[in-house]
Amino acid sequence: MLGANGLSIVQGVLKINHSAPHSDQLSKELAIALSRNDYLEKRCTFLEEMVRLLRIKKYGPGAERLSSQQLTLLELEPGVCSEEVAQESASAPNDTAVPTPDEERKKPSAQAVRAPLPKNLPRQERIIALPARECTCVQCGENKKLIGYECSERLAIKPIEMFVEVIKREKRACARCEEAGVSTAPVPAAIVEKGVLADSLVVETIINKYVDHLPLFRQAVRLGRDVGVEISQSTLSSSVLRAGELLAGVVGAMKSQLLAGGYIQADETTVPVQSERTRGRNHQAYLWEYSAPCGVVVYDFQMGRARSGPAAFLQGFAGRLQSDGYAAYANIGARGLLHFGCWAHARRKFFEASQLDPKDARSVGVVRAIGALYEVEKRAREGNLPAPEREALRAAECPALLKRIKELINKTAAEVLPQSGLGKACTYALKQWDRLERYAEAGHGMVEIDNNWAENAMRGVALGRKNWLQIGSEKAGPKVAALLSVLESCKRLGVNVREYLLEVLPQLSYAAVRPQLQGKRAMADLTPAEWNRARLAAEGRAE
């Protein structure tokens, strides 16, 4: 490719030889060469940006502070670890770093103070006796009297303790009337009827896998190692999936409550699944997540990322839907549905552009301008403002901020290549603009500035996916989705998930073989939110 000096030399030669024979042909060829050179330079810049972004993702946040030349050297060193990258970045100049809104607000933290251990935990005293030689007074030889103890507390744990639950059902008969037969106490409700695993172990297995991300294989190995009990992975798996099957009706009631709420955030993520569709490798299925901030979360398992998934879930929904810019969320739901964008997605693209070229003030300027919107949200959050007051605050301050951001983006879009990182960020924001600014309009004080509640609900799925790796079959997908829906909802609502599952799952199992106990009303009463409300009411506490 020609540099700037090379181009000027060629153009000078062309002016000198303008009157030479075939000059018109030479002019055309030079014009084509210059156009080709311009394309190659732009293409090279684009590829360099992509390589830098990939290296930053590879080496972690510390790599953001390093130059492209430093990142290139890291590629040449085998076995580079994240600690080395962090150490190198700590010595790098800080003038090119692009702070996030949270980083700009961050203050030095005070010295950590050890929190007291919970008072509800049982205490086991361990007395350390004074050595015998120190129990006698060195002056008079009399025994020293005990005057007290120097106390300290440490948190301890017992190894896992298992026991066999022996169920003995009474059998009674009349000694005089043999023809009356024998009466036997009923079989207690159980998550897996006639199963070898008690409810407590089934619930513990569910929590270990989907809350603590411990695969069933490791759980089976741990039981054999620590307790000496051999439980097959298939037994654990069938028990877990049985629980997911039982929770399907509860999740259906949760979905109805979510749709009735009128405001839903949506997101999706991949999940590998074993399937006949792709023999020899996992099929890439999707978990679509629908939730309300501070409220219920429902996952919907789909074998693909097509629009049919959200279209079916949100059929008839005419409220407020907030999502990223994925096209599958467009033109779904009922007439009157309002679609809101996510400022976190828009900001992230400008932030990534600033990572590609830290010296470009344009991307940094947009990031800081968006940060001003988040400052408004911070004040509303810290003031615990209800929706009407947050709406009034936005109406007073956001229009001017939004206008300035759009002017910056339009100006930047006219100056950069559409295929560059910064160009793509501008294109995304401008295409989503109507949805992005809608949250600050009148009547939408309950709508968040971004989709982060939904994204946060995906973190557990991402962590679990790295550990349990895959879903065993297509039929297992909806059951796993039901379990995740209940577990994430309990987490978000502050419900004790172990207590909830131990009480609700046996009831569902009991009702599964007794249809007269089923019904929409019964399922609605067993959702985490309703269960917790009823429990608090029974204890005489307000929610």
# chains A, B, ... in the order shown; residues from 1 in each chain; ligands from 1
>>> select_by_dssp(residues="region 165-372 of chain A", states="strand (DSSP E or B)", output="NGL selection string")
:A and (171-173 or 182-184 or 263-273 or 283-291 or 297-302 or 320-322 or 338-340)
>>> write_last_selection(atoms="C-alpha atoms", output="JSON list (two decimals), in the first residue's frame")
[["chain", "number", "residue", "atom", "x", "y", "z"],
["A", 171, "LYS", "CA", -50.79, -50.55, 60.55],
["A", 172, "ARG", "CA", -53.79, -51.06, 62.83],
["A", 173, "ALA", "CA", -56.51, -53.70, 62.99],
["A", 182, "VAL", "CA", -56.14, -53.46, 58.29],
["A", 183, "SER", "CA", -55.74, -49.70, 58.21],
["A", 184, "THR", "CA", -52.34, -48.33, 57.12],
["A", 263, "TYR", "CA", -43.39, -4.48, 31.75],
["A", 264, "ILE", "CA", -40.99, -7.19, 30.60],
["A", 265, "GLN", "CA", -37.27, -7.25, 29.94],
["A", 266, "ALA", "CA", -36.00, -9.92, 27.54],
["A", 267, "ASP", "CA", -32.66, -11.47, 26.63],
["A", 268, "GLU", "CA", -31.36, -14.77, 25.26],
["A", 269, "THR", "CA", -28.27, -16.94, 25.51],
["A", 270, "THR", "CA", -26.98, -20.15, 24.00],
["A", 271, "VAL", "CA", -27.09, -23.54, 25.71],
["A", 272, "PRO", "CA", -25.63, -26.74, 24.17],
["A", 273, "VAL", "CA", -28.00, -29.71, 23.98],
["A", 283, "HIS", "CA", -26.90, -28.62, 18.97],
["A", 284, "GLN", "CA", -26.89, -24.92, 19.87],
["A", 285, "ALA", "CA", -30.20, -24.26, 21.56],
["A", 286, "TYR", "CA", -31.29, -21.07, 23.36],
["A", 287, "LEU", "CA", -32.66, -20.05, 26.72],
["A", 288, "TRP", "CA", -34.86, -16.97, 26.29],
["A", 289, "GLU", "CA", -35.24, -15.03, 29.51],
["A", 290, "TYR", "CA", -38.22, -12.82, 30.33],
["A", 291, "SER", "CA", -38.39, -10.96, 33.62],
["A", 297, "VAL", "CA", -37.96, -14.51, 36.02],
["A", 298, "VAL", "CA", -39.11, -17.04, 33.42],
["A", 299, "TYR", "CA", -36.80, -18.95, 31.06],
["A", 300, "ASP", "CA", -38.15, -20.40, 27.83],
["A", 301, "PHE", "CA", -36.19, -23.20, 26.16],
["A", 302, "GLN", "CA", -36.08, -23.11, 22.36],
["A", 320, "ARG", "CA", -43.75, -2.50, 27.57],
["A", 321, "LEU", "CA", -40.95, -4.72, 26.24],
["A", 322, "GLN", "CA", -37.28, -3.85, 26.78],
["A", 338, "LEU", "CA", -44.11, -0.39, 23.22],
["A", 339, "HIS", "CA", -40.52, -1.42, 22.60],
["A", 340, "PHE", "CA", -37.70, 0.10, 24.68]]
>>> select_by_dssp(residues="region 242-295 of chain A", states="alpha helix (DSSP H)", output="PDB file with C-alpha atoms, in the first residue's frame")
ATOM      1  CA  ARG A 242     -38.600 -35.003  37.820  1.00  0.00           C
ATOM      2  CA  ALA A 243     -38.477 -31.845  39.911  1.00  0.00           C
ATOM      3  CA  GLY A 244     -38.294 -29.732  36.748  1.00  0.00           C
ATOM      4  CA  GLU A 245     -41.300 -31.552  35.351  1.00  0.00           C
ATOM      5  CA  LEU A 246     -43.300 -30.901  38.521  1.00  0.00           C
ATOM      6  CA  ALA A 248     -43.764 -26.708  34.887  1.00  0.00           C
ATOM      7  CA  GLY A 249     -47.242 -25.785  36.146  1.00  0.00           C
ATOM      8  CA  VAL A 250     -45.841 -23.287  38.650  1.00  0.00           C
ATOM      9  CA  VAL A 251     -43.733 -21.664  35.945  1.00  0.00           C
ATOM     10  CA  GLY A 252     -46.858 -21.422  33.779  1.00  0.00           C
ATOM     11  CA  ALA A 253     -48.515 -19.439  36.572  1.00  0.00           C
ATOM     12  CA  MET A 254     -45.366 -17.301  36.892  1.00  0.00           C
ATOM     13  CA  LYS A 255     -45.575 -16.559  33.170  1.00  0.00           C
ATOM     14  CA  SER A 256     -49.199 -15.424  33.531  1.00  0.00           C
ATOM     15  CA  GLN A 257     -48.219 -13.126  36.405  1.00  0.00           C
ATOM     16  CA  LEU A 258     -45.319 -11.731  34.376  1.00  0.00           C
ATOM     17  CA  LEU A 259     -47.451 -10.988  31.305  1.00  0.00           C
ATOM     18  CA  ALA A 260     -50.100  -9.359  33.491  1.00  0.00           C
ATOM     19  CA  GLY A 261     -47.481  -7.012  34.963  1.00  0.00           C
TER      20      GLY A 261
END
>>> atom_distance(atom1="CA of Val240 (chain A)", atom2="CA of Val202 (chain A)")
6.7 Å
>>> atom_distance(atom1="CA of Glu441 (chain A)", atom2="CA of Ala392 (chain A)")
9.6 Å
>>> residues_around(residues="Leu197 (chain A)", least_positions_apart="5", cutoff="10 Å", atoms="only C-alpha atoms", output="number ranges by chain")
A: 164-165, 190-192, 202-203, 231, 235-236, 239
>>> residues_around(residues="Ser275 (chain A)", least_positions_apart="6", cutoff="8 Å", atoms="only C-alpha atoms", output="mmCIF file with C-alpha atoms, in the first residue's frame")
data_model
loop_
_atom_site.group_PDB
_atom_site.id
_atom_site.type_symbol
_atom_site.label_atom_id
_atom_site.label_comp_id
_atom_site.auth_asym_id
_atom_site.auth_seq_id
_atom_site.Cartn_x
_atom_site.Cartn_y
_atom_site.Cartn_z
ATOM 1 C CA ASN A 282 -24.077 -30.637 20.422
ATOM 2 C CA HIS A 283 -26.905 -28.615 18.973
ATOM 3 C CA SER A 473 -31.805 -34.004 25.449
ATOM 4 C CA GLU A 474 -34.429 -31.793 23.841
#
>>> atom_distance(atom1="CA of Ile449 (chain A)", atom2="CA of Tyr329 (chain A)")
17.8 Å
